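J.: Provided herewith is a single structure, encoded as structure tokens, for subsequent inquiry.
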Amino acid sequence: MTVLLFGLLLWLAVEWIVVATRRPDPLWLQRGPEFQASFRVHINESIWVDWMQLEGIGPSLAQRIIAERNIHGPFSSIEDVGRVPGIGPATLDRIRPWLTMDHDANTIRSADDARQRPSEQ
């Protein structure tokens with residue numbers, strides 16, 4: 001019985017060392033002209049990693065966006081993303097081309113676009 005207990009403790013110690021020394025794979029961000037040309041962030045469904053793909057959005061701001069959406073409900077428009085602390089008018093204007101409320105990347109992405117392109121409605 002003692003040998004079995006010792007063997008189990010030894011196995012657990014080795015397993016703990018293996019798990020503790022393993023490093024997770026790095027989080028790969030794709031930021032480049034080719035990727036950004038087709039990338040869209042669905043403002044009410046995207047996770048924080050999706051938000052981080054946008055230039056100027058780091059991990060803390062991305063998580064703040066998700067927290068704001070979870071606490072206060074979904075965004076009602078692209079402009080509503082501006083209610084997140086840390087997203088001012090300049091940031092919103094910079095990321096606006098990649099924001100969408102629809103799954104189709106070819107749909108209108110903001111109220112301003114709707115006024116400019118009424119034929120796409």
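Going by the structure tokens order, chains are called A, B, ..., each with residues numbered from 1, while ligands are numbered from 1 in the order shown.
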For A:Asp80, please output as a ChimeraX atom specification all residues within 12 Å (counting only C-alpha atoms; exclusion window: fewer than 2 positions along the same chain).
T.: /A:43-44,65,68-69,72-78,82-85,87-89,92,96,99-101,110-111
J.: Restricting it to C-alpha atoms, dump the selection as a compact mmCIF listing (two decimals), in the first residue's frame.
T.:
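Wrote out-v5.txt, looks like this:
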```txt
# COMPACT_ATOMS: atom_id res chain seq x y z
CA ILE A 43 -19.91 44.87 -32.52
CA ASN A 44 -22.44 42.74 -30.62
CA ILE A 65 -15.58 46.85 -24.76
CA GLU A 68 -19.48 47.35 -21.39
CA ARG A 69 -21.56 45.28 -23.79
CA HIS A 72 -25.16 47.59 -20.32
CA GLY A 73 -26.53 45.52 -23.17
CA PRO A 74 -25.78 45.34 -26.87
CA PHE A 75 -24.70 48.35 -28.86
CA SER A 76 -27.60 49.89 -30.76
CA SER A 77 -25.37 51.44 -33.45
CA ILE A 78 -21.75 51.79 -34.47
CA GLY A 82 -18.23 55.39 -28.22
CA ARG A 83 -19.86 54.88 -24.81
CA VAL A 84 -16.93 52.63 -23.84
CA PRO A 85 -14.41 54.49 -21.65
CA ILE A 87 -12.98 55.10 -27.09
CA GLY A 88 -13.24 58.71 -28.05
CA PRO A 89 -14.32 60.24 -31.37
CA LEU A 92 -14.13 55.50 -33.20
CA ARG A 96 -15.31 52.57 -37.93
CA LEU A 99 -17.13 47.69 -37.51
CA THR A 100 -20.38 46.06 -38.53
CA MET A 101 -23.67 45.11 -36.97
CA SER A 110 -22.75 52.93 -39.99
CA ALA A 111 -25.48 55.50 -40.18
```
J.: Name the closest residue to A:Ala90 among the candidates A:Met1, A:Arg64, A:Val14, A:Gly56; distances are taken between atoms, counting only C-alpha atoms.
T.: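 The closest residue to A:Ala90 is A:Gly56.
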J.: Pick out the closest residue to A:Glu45 from this set: A:Asn70, A:Val3, A:Arg23, A:Leu61. Count only C-alpha atoms.
T.: A:Asn70
J.: Write out as a ChimeraX atom specification the residues lying within 7 Å of stretch 48-50 of chain A, counting only C-alpha atoms and excluding same-chain residues fewer than 6 positions away.
T.: /A:41,62-63,66
J.: Which residues come within 9 Å of A:Leu54, counting only C-alpha atoms, excluding same-chain residues fewer than 2 positions away, as a list of chain:residue names?
T.: A:Arg31, A:Gln36, A:Val41, A:Asp50, A:Trp51, A:Met52, A:Gly56, A:Ile57, A:Gly58, A:Ile95, A:Trp98
J.: Got time to write the residues from that selection, C-alpha atoms, as a PDB file, in the first residue's frame?
T.:
```pdb
ATOM      1  CA  ARG A  31      -2.637  43.137 -38.666  1.00  0.00           C
ATOM      2  CA  GLN A  36      -7.701  44.365 -42.735  1.00  0.00           C
ATOM      3  CA  VAL A  41     -15.781  43.166 -36.181  1.00  0.00           C
ATOM      4  CA  ASP A  50     -11.434  40.082 -32.542  1.00  0.00           C
ATOM      5  CA  TRP A  51     -11.396  43.631 -31.207  1.00  0.00           C
ATOM      6  CA  MET A  52      -7.640  43.404 -30.656  1.00  0.00           C
ATOM      7  CA  GLY A  56      -5.039  50.932 -31.489  1.00  0.00           C
ATOM      8  CA  ILE A  57      -7.156  48.407 -29.550  1.00  0.00           C
ATOM      9  CA  GLY A  58      -5.098  46.563 -26.958  1.00  0.00           C
ATOM     10  CA  ILE A  95     -11.906  51.788 -36.360  1.00  0.00           C
ATOM     11  CA  TRP A  98     -14.038  47.610 -39.739  1.00  0.00           C
TER      12      TRP A  98
END
```
